[in-house]
file work30.pdb (PDB, C-alpha atoms)
MODEL        1
ATOM      1  CA  MET Z   1       0.000   0.000   0.000  1.00  0.00           C
ATOM      2  CA  ARG Z   2       1.301   3.434  -0.945  1.00  0.00           C
ATOM      3  CA  PRO Z   3       1.453   6.025   1.873  1.00  0.00           C
ATOM      4  CA  SER Z   4      -1.095   8.101  -0.086  1.00  0.00           C
ATOM      5  CA  GLY Z   5      -3.401   5.139  -0.660  1.00  0.00           C
ATOM      6  CA  ARG Z   6      -3.180   5.593  -4.442  1.00  0.00           C
ATOM      7  CA  ALA Z   7      -3.015   2.719  -6.889  1.00  0.00           C
ATOM      8  CA  ALA Z   8       0.418   1.990  -8.338  1.00  0.00           C
ATOM      9  CA  ASP Z   9      -0.572   3.541 -11.689  1.00  0.00           C
ATOM     10  CA  ALA Z  10      -2.416   6.586 -10.299  1.00  0.00           C
ATOM     11  CA  LEU Z  11      -1.287  10.178 -10.697  1.00  0.00           C
ATOM     12  CA  ARG Z  12      -1.828  12.630  -7.886  1.00  0.00           C
ATOM     13  CA  PRO Z  13      -4.712  15.054  -8.557  1.00  0.00           C
ATOM     14  CA  VAL Z  14      -3.537  17.466 -11.267  1.00  0.00           C
ATOM     15  CA  SER Z  15      -4.825  20.979 -11.950  1.00  0.00           C
ATOM     16  CA  ILE Z  16      -3.428  23.681 -14.241  1.00  0.00           C
ATOM     17  CA  GLU Z  17      -4.728  27.229 -13.795  1.00  0.00           C
ATOM     18  CA  THR Z  18      -3.750  29.618 -16.591  1.00  0.00           C
ATOM     19  CA  GLY Z  19      -3.436  33.410 -16.674  1.00  0.00           C
ATOM     20  CA  VAL Z  20      -2.216  33.717 -13.092  1.00  0.00           C
ATOM     21  CA  SER Z  21       0.423  36.375 -13.849  1.00  0.00           C
ATOM     22  CA  LEU Z  22      -0.731  39.818 -14.967  1.00  0.00           C
ATOM     23  CA  HIS Z  23       2.398  40.737 -16.912  1.00  0.00           C
ATOM     24  CA  ALA Z  24       3.828  37.507 -18.303  1.00  0.00           C
ATOM     25  CA  GLU Z  25       3.088  36.594 -21.929  1.00  0.00           C
ATOM     26  CA  GLY Z  26       2.075  33.131 -20.710  1.00  0.00           C
ATOM     27  CA  SER Z  27       1.552  31.760 -17.216  1.00  0.00           C
ATOM     28  CA  CYS Z  28       0.036  28.954 -15.190  1.00  0.00           C
ATOM     29  CA  LEU Z  29      -0.041  27.501 -11.709  1.00  0.00           C
ATOM     30  CA  ILE Z  30       0.304  23.726 -11.837  1.00  0.00           C
ATOM     31  CA  ARG Z  31      -0.658  21.585  -8.872  1.00  0.00           C
ATOM     32  CA  CYS Z  32       0.315  17.919  -8.681  1.00  0.00           C
ATOM     33  CA  GLY Z  33      -0.974  16.797  -5.318  1.00  0.00           C
ATOM     34  CA  ASN Z  34       0.722  19.074  -2.781  1.00  0.00           C
ATOM     35  CA  THR Z  35       3.422  20.190  -5.220  1.00  0.00           C
ATOM     36  CA  GLN Z  36       2.683  23.640  -6.646  1.00  0.00           C
ATOM     37  CA  VAL Z  37       4.764  25.447  -9.282  1.00  0.00           C
ATOM     38  CA  LEU Z  38       4.200  28.874 -10.807  1.00  0.00           C
ATOM     39  CA  CYS Z  39       5.334  28.877 -14.442  1.00  0.00           C
ATOM     40  CA  THR Z  40       5.698  32.067 -16.481  1.00  0.00           C
ATOM     41  CA  ALA Z  41       6.872  32.681 -20.045  1.00  0.00           C
ATOM     42  CA  SER Z  42       8.618  35.923 -21.013  1.00  0.00           C
ATOM     43  CA  LEU Z  43       9.208  36.994 -24.616  1.00  0.00           C
ATOM     44  CA  GLU Z  44      12.353  38.871 -25.576  1.00  0.00           C
ATOM     45  CA  PRO Z  45      13.301  40.198 -29.049  1.00  0.00           C
ATOM     46  CA  ARG Z  46      16.817  38.794 -28.792  1.00  0.00           C
ATOM     47  CA  VAL Z  47      18.701  35.516 -28.693  1.00  0.00           C
ATOM     48  CA  PRO Z  48      21.962  34.411 -27.036  1.00  0.00           C
ATOM     49  CA  PRO Z  49      25.095  35.552 -28.887  1.00  0.00           C
ATOM     50  CA  PHE Z  50      25.739  32.124 -30.417  1.00  0.00           C
ATOM     51  CA  LEU Z  51      22.381  32.355 -32.259  1.00  0.00           C
ATOM     52  CA  ARG Z  52      22.598  35.897 -33.618  1.00  0.00           C
ATOM     53  CA  ASN Z  53      21.933  36.176 -37.354  1.00  0.00           C
ATOM     54  CA  THR Z  54      20.995  32.488 -37.613  1.00  0.00           C
ATOM     55  CA  GLY Z  55      17.236  32.977 -37.863  1.00  0.00           C
ATOM     56  CA  LEU Z  56      16.762  30.530 -34.999  1.00  0.00           C
ATOM     57  CA  GLY Z  57      14.900  31.145 -31.769  1.00  0.00           C
ATOM     58  CA  TRP Z  58      15.617  29.857 -28.282  1.00  0.00           C
ATOM     59  CA  VAL Z  59      13.720  28.631 -25.239  1.00  0.00           C
ATOM     60  CA  THR Z  60      15.508  28.584 -21.914  1.00  0.00           C
ATOM     61  CA  ALA Z  61      14.414  28.096 -18.318  1.00  0.00           C
ATOM     62  CA  GLU Z  62      15.145  29.178 -14.786  1.00  0.00           C
ATOM     63  CA  TYR Z  63      14.043  27.217 -11.714  1.00  0.00           C
ATOM     64  CA  GLY Z  64      13.918  28.053  -8.046  1.00  0.00           C
ATOM     65  CA  MET Z  65      12.232  27.156  -4.774  1.00  0.00           C
ATOM     66  CA  LEU Z  66      10.724  29.642  -2.365  1.00  0.00           C
ATOM     67  CA  PRO Z  67      12.278  29.545   1.116  1.00  0.00           C
ATOM     68  CA  ARG Z  68       9.302  27.706   2.666  1.00  0.00           C
ATOM     69  CA  ALA Z  69       8.493  25.441  -0.263  1.00  0.00           C
ATOM     70  CA  THR Z  70       9.792  22.626   1.956  1.00  0.00           C
ATOM     71  CA  THR Z  71       9.306  21.594   5.598  1.00  0.00           C
ATOM     72  CA  SER Z  72      12.110  23.855   6.810  1.00  0.00           C
ATOM     73  CA  ARG Z  73      13.230  27.236   5.486  1.00  0.00           C
ATOM     74  CA  ASN Z  74      15.923  27.308   2.832  1.00  0.00           C
ATOM     75  CA  GLN Z  75      18.036  30.392   2.276  1.00  0.00           C
ATOM     76  CA  ARG Z  76      17.245  32.202  -0.966  1.00  0.00           C
ATOM     77  CA  GLU Z  77      19.667  31.261  -3.718  1.00  0.00           C
ATOM     78  CA  ALA Z  78      19.991  34.940  -4.622  1.00  0.00           C
ATOM     79  CA  LYS Z  79      22.055  35.192  -1.437  1.00  0.00           C
ATOM     80  CA  LYS Z  80      24.068  32.003  -1.520  1.00  0.00           C
ATOM     81  CA  GLY Z  81      24.241  31.300  -5.276  1.00  0.00           C
ATOM     82  CA  GLN Z  82      22.575  28.552  -7.284  1.00  0.00           C
ATOM     83  CA  THR Z  83      23.173  24.981  -6.217  1.00  0.00           C
ATOM     84  CA  GLY Z  84      24.243  22.315  -8.691  1.00  0.00           C
ATOM     85  CA  ARG Z  85      20.780  20.757  -8.343  1.00  0.00           C
ATOM     86  CA  THR Z  86      19.084  23.982  -9.410  1.00  0.00           C
ATOM     87  CA  GLN Z  87      21.364  24.391 -12.413  1.00  0.00           C
ATOM     88  CA  GLU Z  88      20.789  20.786 -13.475  1.00  0.00           C
ATOM     89  CA  ILE Z  89      16.998  21.100 -13.209  1.00  0.00           C
ATOM     90  CA  GLN Z  90      16.720  24.327 -15.171  1.00  0.00           C
ATOM     91  CA  ARG Z  91      18.891  22.906 -17.946  1.00  0.00           C
ATOM     92  CA  LEU Z  92      16.624  19.859 -18.032  1.00  0.00           C
ATOM     93  CA  ILE Z  93      13.527  22.063 -18.332  1.00  0.00           C
ATOM     94  CA  GLY Z  94      15.056  24.027 -21.207  1.00  0.00           C
ATOM     95  CA  ARG Z  95      16.150  20.876 -23.063  1.00  0.00           C
ATOM     96  CA  ALA Z  96      12.749  19.306 -22.579  1.00  0.00           C
ATOM     97  CA  LEU Z  97      10.786  22.264 -23.912  1.00  0.00           C
ATOM     98  CA  ARG Z  98      13.081  22.730 -26.912  1.00  0.00           C
ATOM     99  CA  ALA Z  99      12.327  19.131 -27.904  1.00  0.00           C
ATOM    100  CA  GLY Z 100       8.859  20.224 -28.976  1.00  0.00           C
ATOM    101  CA  LEU Z 101       9.994  23.403 -30.727  1.00  0.00           C
ATOM    102  CA  ASP Z 102      10.716  24.396 -34.337  1.00  0.00           C
ATOM    103  CA  ARG Z 103      13.333  27.058 -33.651  1.00  0.00           C
ATOM    104  CA  ALA Z 104      13.297  28.355 -37.224  1.00  0.00           C
ATOM    105  CA  ALA Z 105       9.547  28.947 -37.040  1.00  0.00           C
ATOM    106  CA  LEU Z 106      10.009  30.845 -33.761  1.00  0.00           C
ATOM    107  CA  GLY Z 107      12.480  33.226 -35.396  1.00  0.00           C
ATOM    108  CA  GLU Z 108      15.206  35.187 -33.635  1.00  0.00           C
ATOM    109  CA  ARG Z 109      13.521  35.680 -30.291  1.00  0.00           C
ATOM    110  CA  GLN Z 110      13.921  34.097 -26.897  1.00  0.00           C
ATOM    111  CA  ILE Z 111      11.271  32.792 -24.524  1.00  0.00           C
ATOM    112  CA  THR Z 112      12.354  32.325 -20.918  1.00  0.00           C
ATOM    113  CA  ILE Z 113      10.329  29.970 -18.758  1.00  0.00           C
ATOM    114  CA  ASP Z 114      10.545  30.749 -15.047  1.00  0.00           C
ATOM    115  CA  CYS Z 115       9.495  27.913 -12.754  1.00  0.00           C
ATOM    116  CA  ASP Z 116       9.089  28.940  -9.123  1.00  0.00           C
ATOM    117  CA  VAL Z 117       8.229  26.174  -6.675  1.00  0.00           C
ATOM    118  CA  LEU Z 118       5.697  27.482  -4.165  1.00  0.00           C
ATOM    119  CA  GLN Z 119       5.309  24.146  -2.404  1.00  0.00           C
ATOM    120  CA  ALA Z 120       7.340  20.961  -2.821  1.00  0.00           C
ATOM    121  CA  ASP Z 121       6.096  17.430  -2.235  1.00  0.00           C
ATOM    122  CA  GLY Z 122       8.108  15.527  -4.836  1.00  0.00           C
ATOM    123  CA  GLY Z 123       8.189  15.808  -8.614  1.00  0.00           C
ATOM    124  CA  THR Z 124       8.946  19.531  -8.837  1.00  0.00           C
ATOM    125  CA  ARG Z 125      11.066  19.216 -12.000  1.00  0.00           C
ATOM    126  CA  CYS Z 126       8.373  17.165 -13.713  1.00  0.00           C
ATOM    127  CA  ALA Z 127       5.652  19.632 -12.723  1.00  0.00           C
ATOM    128  CA  SER Z 128       7.867  22.466 -13.970  1.00  0.00           C
ATOM    129  CA  ILE Z 129       8.225  20.854 -17.398  1.00  0.00           C
ATOM    130  CA  THR Z 130       4.519  20.059 -17.693  1.00  0.00           C
ATOM    131  CA  GLY Z 131       3.427  23.515 -16.532  1.00  0.00           C
ATOM    132  CA  GLY Z 132       6.271  25.222 -18.369  1.00  0.00           C
ATOM    133  CA  TRP Z 133       4.953  23.857 -21.655  1.00  0.00           C
ATOM    134  CA  VAL Z 134       1.531  25.399 -20.949  1.00  0.00           C
ATOM    135  CA  ALA Z 135       3.098  28.797 -20.255  1.00  0.00           C
ATOM    136  CA  LEU Z 136       5.147  28.448 -23.443  1.00  0.00           C
ATOM    137  CA  ARG Z 137       2.053  27.500 -25.461  1.00  0.00           C
ATOM    138  CA  LEU Z 138       0.215  30.600 -24.239  1.00  0.00           C
ATOM    139  CA  ALA Z 139       3.144  32.866 -25.098  1.00  0.00           C
ATOM    140  CA  VAL Z 140       3.398  31.372 -28.587  1.00  0.00           C
ATOM    141  CA  ASN Z 141      -0.358  31.803 -29.047  1.00  0.00           C
ATOM    142  CA  ARG Z 142       0.109  35.507 -28.377  1.00  0.00           C
ATOM    143  CA  LEU Z 143       2.878  35.716 -30.977  1.00  0.00           C
ATOM    144  CA  MET Z 144       0.704  33.997 -33.553  1.00  0.00           C
ATOM    145  CA  LYS Z 145      -2.332  36.144 -32.778  1.00  0.00           C
ATOM    146  CA  SER Z 146      -0.291  39.320 -33.266  1.00  0.00           C
ATOM    147  CA  GLY Z 147       1.072  38.033 -36.575  1.00  0.00           C
ATOM    148  CA  GLU Z 148       4.679  38.126 -35.401  1.00  0.00           C
ATOM    149  CA  VAL Z 149       4.947  34.394 -36.030  1.00  0.00           C
ATOM    150  CA  LYS Z 150       3.268  32.923 -39.111  1.00  0.00           C
ATOM    151  CA  MET Z 151       3.715  29.186 -38.486  1.00  0.00           C
ATOM    152  CA  ASP Z 152       3.192  27.450 -35.154  1.00  0.00           C
ATOM    153  CA  PRO Z 153       6.678  26.765 -33.745  1.00  0.00           C
ATOM    154  CA  LEU Z 154       5.402  24.217 -31.221  1.00  0.00           C
ATOM    155  CA  THR Z 155       5.493  20.802 -32.857  1.00  0.00           C
ATOM    156  CA  ASP Z 156       4.173  18.724 -29.954  1.00  0.00           C
ATOM    157  CA  HIS Z 157       3.235  18.699 -26.295  1.00  0.00           C
ATOM    158  CA  VAL Z 158       5.970  17.960 -23.748  1.00  0.00           C
ATOM    159  CA  ALA Z 159       5.183  16.572 -20.297  1.00  0.00           C
ATOM    160  CA  ALA Z 160       7.093  14.788 -17.551  1.00  0.00           C
ATOM    161  CA  VAL Z 161       6.363  12.427 -14.689  1.00  0.00           C
ATOM    162  CA  SER Z 162       8.343  10.594 -12.025  1.00  0.00           C
ATOM    163  CA  CYS Z 163       8.331   6.864 -11.371  1.00  0.00           C
ATOM    164  CA  GLY Z 164      10.157   4.715  -8.888  1.00  0.00           C
ATOM    165  CA  ILE Z 165      10.547   1.409  -7.113  1.00  0.00           C
ATOM    166  CA  PHE Z 166       9.067   1.735  -3.639  1.00  0.00           C
ATOM    167  CA  GLY Z 167       8.553  -1.269  -1.398  1.00  0.00           C
ATOM    168  CA  GLY Z 168       9.635  -3.482  -4.281  1.00  0.00           C
ATOM    169  CA  MET Z 169       6.860  -2.157  -6.549  1.00  0.00           C
ATOM    170  CA  PRO Z 170       7.051   0.148  -9.613  1.00  0.00           C
ATOM    171  CA  LEU Z 171       4.971   3.255  -8.877  1.00  0.00           C
ATOM    172  CA  LEU Z 172       3.854   6.310 -10.845  1.00  0.00           C
ATOM    173  CA  ASP Z 173       4.214   9.929  -9.721  1.00  0.00           C
ATOM    174  CA  LEU Z 174       6.063   9.678  -6.418  1.00  0.00           C
ATOM    175  CA  ASP Z 175       5.292  12.128  -3.654  1.00  0.00           C
ATOM    176  CA  TYR Z 176       7.998  13.064  -1.151  1.00  0.00           C
ATOM    177  CA  ALA Z 177       7.195  10.271   1.301  1.00  0.00           C
ATOM    178  CA  GLU Z 178       7.769   7.743  -1.485  1.00  0.00           C
ATOM    179  CA  ASP Z 179      10.590   9.543  -3.265  1.00  0.00           C
ATOM    180  CA  SER Z 180      12.668   9.890  -0.090  1.00  0.00           C
ATOM    181  CA  GLU Z 181      12.491   6.140   0.546  1.00  0.00           C
ATOM    182  CA  ALA Z 182      12.465   4.802  -3.021  1.00  0.00           C
ATOM    183  CA  GLY Z 183      15.005   2.189  -4.011  1.00  0.00           C
ATOM    184  CA  THR Z 184      14.971   3.537  -7.567  1.00  0.00           C
ATOM    185  CA  ASP Z 185      14.065   7.059  -8.656  1.00  0.00           C
ATOM    186  CA  ALA Z 186      13.329   7.989 -12.279  1.00  0.00           C
ATOM    187  CA  ASN Z 187      11.990  10.907 -14.306  1.00  0.00           C
ATOM    188  CA  PHE Z 188      10.531  10.490 -17.782  1.00  0.00           C
ATOM    189  CA  VAL Z 189      10.080  13.365 -20.240  1.00  0.00           C
ATOM    190  CA  MET Z 190       7.877  12.546 -23.216  1.00  0.00           C
ATOM    191  CA  THR Z 191       6.067  14.211 -26.098  1.00  0.00           C
ATOM    192  CA  GLY Z 192       2.367  14.092 -26.770  1.00  0.00           C
ATOM    193  CA  ARG Z 193       2.954  11.499 -29.483  1.00  0.00           C
ATOM    194  CA  GLY Z 194       4.799   9.272 -27.032  1.00  0.00           C
ATOM    195  CA  GLY Z 195       8.340  10.119 -28.109  1.00  0.00           C
ATOM    196  CA  LEU Z 196      11.039   9.991 -25.461  1.00  0.00           C
ATOM    197  CA  VAL Z 197      12.857  13.238 -24.714  1.00  0.00           C
ATOM    198  CA  GLU Z 198      14.860  12.229 -21.657  1.00  0.00           C
ATOM    199  CA  ILE Z 199      15.020   9.526 -18.989  1.00  0.00           C
ATOM    200  CA  GLN Z 200      16.777  10.102 -15.684  1.00  0.00           C
ATOM    201  CA  ALA Z 201      16.971   6.945 -13.562  1.00  0.00           C
ATOM    202  CA  SER Z 202      19.198   5.977 -10.685  1.00  0.00           C
ATOM    203  CA  ALA Z 203      19.367   3.256  -8.060  1.00  0.00           C
ATOM    204  CA  GLU Z 204      19.248   4.761  -4.595  1.00  0.00           C
ATOM    205  CA  GLY Z 205      20.022   1.431  -2.932  1.00  0.00           C
ATOM    206  CA  ALA Z 206      20.001  -1.896  -4.741  1.00  0.00           C
ATOM    207  CA  THR Z 207      20.237  -1.975  -8.521  1.00  0.00           C
ATOM    208  CA  PHE Z 208      17.089  -2.207 -10.646  1.00  0.00           C
ATOM    209  CA  SER Z 209      16.359  -4.687 -13.394  1.00  0.00           C
ATOM    210  CA  ARG Z 210      15.453  -4.246 -17.058  1.00  0.00           C
ATOM    211  CA  ALA Z 211      11.993  -5.586 -16.224  1.00  0.00           C
ATOM    212  CA  GLU Z 212      11.569  -2.903 -13.557  1.00  0.00           C
ATOM    213  CA  LEU Z 213      12.724  -0.219 -15.990  1.00  0.00           C
ATOM    214  CA  ASP Z 214      10.207  -1.475 -18.558  1.00  0.00           C
ATOM    215  CA  ALA Z 215       7.470  -1.407 -15.902  1.00  0.00           C
ATOM    216  CA  MET Z 216       8.310   2.186 -14.989  1.00  0.00           C
ATOM    217  CA  MET Z 217       8.376   3.080 -18.675  1.00  0.00           C
ATOM    218  CA  ALA Z 218       4.855   1.698 -19.139  1.00  0.00           C
ATOM    219  CA  LEU Z 219       3.643   3.684 -16.126  1.00  0.00           C
ATOM    220  CA  ALA Z 220       5.293   6.842 -17.458  1.00  0.00           C
ATOM    221  CA  GLU Z 221       3.686   6.463 -20.887  1.00  0.00           C
ATOM    222  CA  ALA Z 222       0.233   6.278 -19.349  1.00  0.00           C
ATOM    223  CA  GLY Z 223       0.978   9.074 -16.881  1.00  0.00           C
ATOM    224  CA  THR Z 224       2.338  11.545 -19.424  1.00  0.00           C
ATOM    225  CA  ALA Z 225      -0.640  10.834 -21.701  1.00  0.00           C
ATOM    226  CA  GLN Z 226      -2.922  11.952 -18.852  1.00  0.00           C
ATOM    227  CA  LEU Z 227      -0.797  15.035 -18.262  1.00  0.00           C
ATOM    228  CA  VAL Z 228      -1.016  15.973 -21.942  1.00  0.00           C
ATOM    229  CA  GLU Z 229      -4.798  15.797 -21.667  1.00  0.00           C
ATOM    230  CA  ALA Z 230      -4.590  18.136 -18.648  1.00  0.00           C
ATOM    231  CA  GLN Z 231      -2.462  20.527 -20.722  1.00  0.00           C
ATOM    232  CA  LYS Z 232      -5.022  20.474 -23.533  1.00  0.00           C
ATOM    233  CA  ALA Z 233      -7.856  21.170 -21.130  1.00  0.00           C
ATOM    234  CA  ALA Z 234      -5.951  24.080 -19.549  1.00  0.00           C
ATOM    235  CA  ILE Z 235      -5.230  25.684 -22.925  1.00  0.00           C
ATOM    236  CA  ALA Z 236      -8.803  25.192 -24.120  1.00  0.00           C
ATOM    237  CA  GLY Z 237     -10.176  26.679 -20.920  1.00  0.00           C
TER
ENDMDL
END
call {"tool": "encode", "arguments": {"input": "work30.pdb", "output": "structure tokens"}}
result
Amino acid sequence: MRPSGRAADALRPVSIETGVSLHAEGSCLIRCGNTQVLCTASLEPRVPPFLRNTGLGWVTAEYGMLPRATTSRNQREAKKGQTGRTQEIQRLIGRALRAGLDRAALGERQITIDCDVLQADGGTRCASITGGWVALRLAVNRLMKSGEVKMDPLTDHVAAVSCGIFGGMPLLDLDYAEDSEAGTDANFVMTGRGGLVEIQASAEGATFSRAELDAMMALAEAGTAQLVEAQKAAIAG
């Protein structure tokens, strides 16, 4: 039995509320159980130096946790500098979102996705990717509506979910109680068509088998498909 009482293949309750930031070109608040992440998209008429005069656009991301996103207060990273974990997660978010992007169709402009964790209960990087795509979609919609972009640069949905081996069982969408005790921890980033963008998997104790990896993969496929439907509903709403 999972600590939450969920079935092995059950996501936590997911909600995506759009238009939560007055000034951002795209924004949403994504809730996955008790994990809450504010995602905003900001348009800029410039690209990094290595892309100047190439005709290609860029999507990048920044990630951070509020001091009381967790059970005890963490010092703001603006004071102490970004940790290696933060840098790794924001690079992952950027890579993931660019996987569903036609950079030529975007043109020479940059969209920055800011993912601020308001409350953490496991799966913050996955929630950031899933919600970050919604914020990106809304920003691109604005570009297309204004006529600045003629062809939709987003080629597919991108969503992410965690899986793990907890109590000897493959489970979908780990919360903190499970993640902190899991023998294997994995994150799967996938497109709406089921393509794999990235898999992060590591044994926290004993090694895991190919059969267990395949089981987590099957859970992730079903989970990301549900998250894509949540993205569609949020955009339509």
call {"tool": "resolve_selection", "arguments": {"input": "work30.pdb", "expression": "the PyMOL selection byres ((chain Z and resi 40) around 7)", "output": "list of chain:residue names"}}
result
Z:Ala24, Z:Gly26, Z:Ser27, Z:Cys28, Z:Leu38, Z:Cys39, Z:Ala41, Z:Ser42, Z:Ile113, Z:Asp114, Z:Cys115, Z:Ala135
call {"tool": "resolve_selection", "arguments": {"input": "work30.pdb", "expression": "the PyMOL selection byres ((chain Z and resi 143) around 12)", "output": "JSON, numbers by chain"}}
result
{"Z": [25, 26, 42, 43, 44, 45, 105, 106, 107, 109, 110, 111, 136, 137, 138, 139, 140, 141, 142, 144, 145, 146, 147, 148, 149, 150, 151, 152, 153, 154]}
call {"tool": "residues_around", "arguments": {"input": "work30.pdb", "residues": "range 189-206 of chain Z", "least_positions_apart": "2", "cutoff": "9 Å", "atoms": "only C-alpha atoms", "output": "ChimeraX atom specification"}}
result
/Z:92,95-96,99-100,126,129,156-164,181-187,208,213,220-221,224-225,228-229
call {"tool": "write_last_selection", "arguments": {"input": "work30.pdb", "atoms": "C-alpha atoms", "output": "PDB file, in the frame of the given file"}}
result
ATOM      1  CA  LEU Z  92      16.624  19.859 -18.032  1.00  0.00           C
ATOM      2  CA  ARG Z  95      16.150  20.876 -23.063  1.00  0.00           C
ATOM      3  CA  ALA Z  96      12.749  19.306 -22.579  1.00  0.00           C
ATOM      4  CA  ALA Z  99      12.327  19.131 -27.904  1.00  0.00           C
ATOM      5  CA  GLY Z 100       8.859  20.224 -28.976  1.00  0.00           C
ATOM      6  CA  CYS Z 126       8.373  17.165 -13.713  1.00  0.00           C
ATOM      7  CA  ILE Z 129       8.225  20.854 -17.398  1.00  0.00           C
ATOM      8  CA  ASP Z 156       4.173  18.724 -29.954  1.00  0.00           C
ATOM      9  CA  HIS Z 157       3.235  18.699 -26.295  1.00  0.00           C
ATOM     10  CA  VAL Z 158       5.970  17.960 -23.748  1.00  0.00           C
ATOM     11  CA  ALA Z 159       5.183  16.572 -20.297  1.00  0.00           C
ATOM     12  CA  ALA Z 160       7.093  14.788 -17.551  1.00  0.00           C
ATOM     13  CA  VAL Z 161       6.363  12.427 -14.689  1.00  0.00           C
ATOM     14  CA  SER Z 162       8.343  10.594 -12.025  1.00  0.00           C
ATOM     15  CA  CYS Z 163       8.331   6.864 -11.371  1.00  0.00           C
ATOM     16  CA  GLY Z 164      10.157   4.715  -8.888  1.00  0.00           C
ATOM     17  CA  GLU Z 181      12.491   6.140   0.546  1.00  0.00           C
ATOM     18  CA  ALA Z 182      12.465   4.802  -3.021  1.00  0.00           C
ATOM     19  CA  GLY Z 183      15.005   2.189  -4.011  1.00  0.00           C
ATOM     20  CA  THR Z 184      14.971   3.537  -7.567  1.00  0.00           C
ATOM     21  CA  ASP Z 185      14.065   7.059  -8.656  1.00  0.00           C
ATOM     22  CA  ALA Z 186      13.329   7.989 -12.279  1.00  0.00           C
ATOM     23  CA  ASN Z 187      11.990  10.907 -14.306  1.00  0.00           C
ATOM     24  CA  PHE Z 208      17.089  -2.207 -10.646  1.00  0.00           C
ATOM     25  CA  LEU Z 213      12.724  -0.219 -15.990  1.00  0.00           C
ATOM     26  CA  ALA Z 220       5.293   6.842 -17.458  1.00  0.00           C
ATOM     27  CA  GLU Z 221       3.686   6.463 -20.887  1.00  0.00           C
ATOM     28  CA  THR Z 224       2.338  11.545 -19.424  1.00  0.00           C
ATOM     29  CA  ALA Z 225      -0.640  10.834 -21.701  1.00  0.00           C
ATOM     30  CA  VAL Z 228      -1.016  15.973 -21.942  1.00  0.00           C
ATOM     31  CA  GLU Z 229      -4.798  15.797 -21.667  1.00  0.00           C
TER      32      GLU Z 229
END
call {"tool": "axis_aligned_box", "arguments": {"input": "work30.pdb", "around": "range 185-190 of chain Z", "padding_each_side": "5 Å", "output": "AutoDock Vina command-line options"}}
result
--center_x 11.0 --center_y 10.2 --center_z -15.9 --size_x 16.2 --size_y 16.3 --size_z 24.6
call {"tool": "closest_residue", "arguments": {"input": "work30.pdb", "among": "Z:Gly84, Z:Ile165, Z:Gly223, Z:Asp102", "to": "Ala211 in chain Z", "atoms": "all atoms listed in the file"}}
result
Z:Ile165
call {"tool": "closest_residue", "arguments": {"input": "work30.pdb", "among": "Z:Ser4, Z:Thr112, Z:Thr83, Z:Gln90", "to": "Arg46 in chain Z", "atoms": "all atoms listed in the file"}}
result
Z:Thr112
call {"tool": "atom_distance", "arguments": {"input": "work30.pdb", "atom1": "CA of Leu97 in chain Z", "atom2": "CA of Asp121 in chain Z"}}
result
22.7 Å
call {"tool": "resolve_selection", "arguments": {"input": "work30.pdb", "expression": "the PyMOL selection byres ((chain Z and resi 13) around 12)", "output": "PyMOL selection string"}}
result
chain Z and resi 4+6+10-12+14-16+30-36+173+175+223+226-227+230
call {"tool": "atom_distance", "arguments": {"input": "work30.pdb", "atom1": "CA of Val20 in chain Z", "atom2": "CA of Leu101 in chain Z"}}
result
23.8 Å
call {"tool": "atom_distance", "arguments": {"input": "work30.pdb", "atom1": "CA of Arg98 in chain Z", "atom2": "CA of Phe50 in chain Z"}}
result
16.1 Å
call {"tool": "residues_around", "arguments": {"input": "work30.pdb", "residues": "Pro170 in chain Z", "least_positions_apart": "2", "cutoff": "8 Å", "atoms": "only C-alpha atoms", "output": "PyMOL selection string"}}
result
chain Z and resi 8+163-166+168+172+212+215-216
call {"tool": "write_last_selection", "arguments": {"input": "work30.pdb", "atoms": "C-alpha atoms", "output": "mmCIF file, in the frame of the given file"}}
result
data_model
loop_
_atom_site.group_PDB
_atom_site.id
_atom_site.type_symbol
_atom_site.label_atom_id
_atom_site.label_comp_id
_atom_site.auth_asym_id
_atom_site.auth_seq_id
_atom_site.Cartn_x
_atom_site.Cartn_y
_atom_site.Cartn_z
ATOM 1 C CA ALA Z 8 0.418 1.990 -8.338
ATOM 2 C CA CYS Z 163 8.331 6.864 -11.371
ATOM 3 C CA GLY Z 164 10.157 4.715 -8.888
ATOM 4 C CA ILE Z 165 10.547 1.409 -7.113
ATOM 5 C CA PHE Z 166 9.067 1.735 -3.639
ATOM 6 C CA GLY Z 168 9.635 -3.482 -4.281
ATOM 7 C CA LEU Z 172 3.854 6.310 -10.845
ATOM 8 C CA GLU Z 212 11.569 -2.903 -13.557
ATOM 9 C CA ALA Z 215 7.470 -1.407 -15.902
ATOM 10 C CA MET Z 216 8.310 2.186 -14.989
#
call {"tool": "closest_residue", "arguments": {"input": "work30.pdb", "among": "Z:Gly94, Z:Gly19, Z:Gly123, Z:Gly132", "to": "Ala61 in chain Z", "atoms": "only C-alpha atoms"}}
result
Z:Gly94
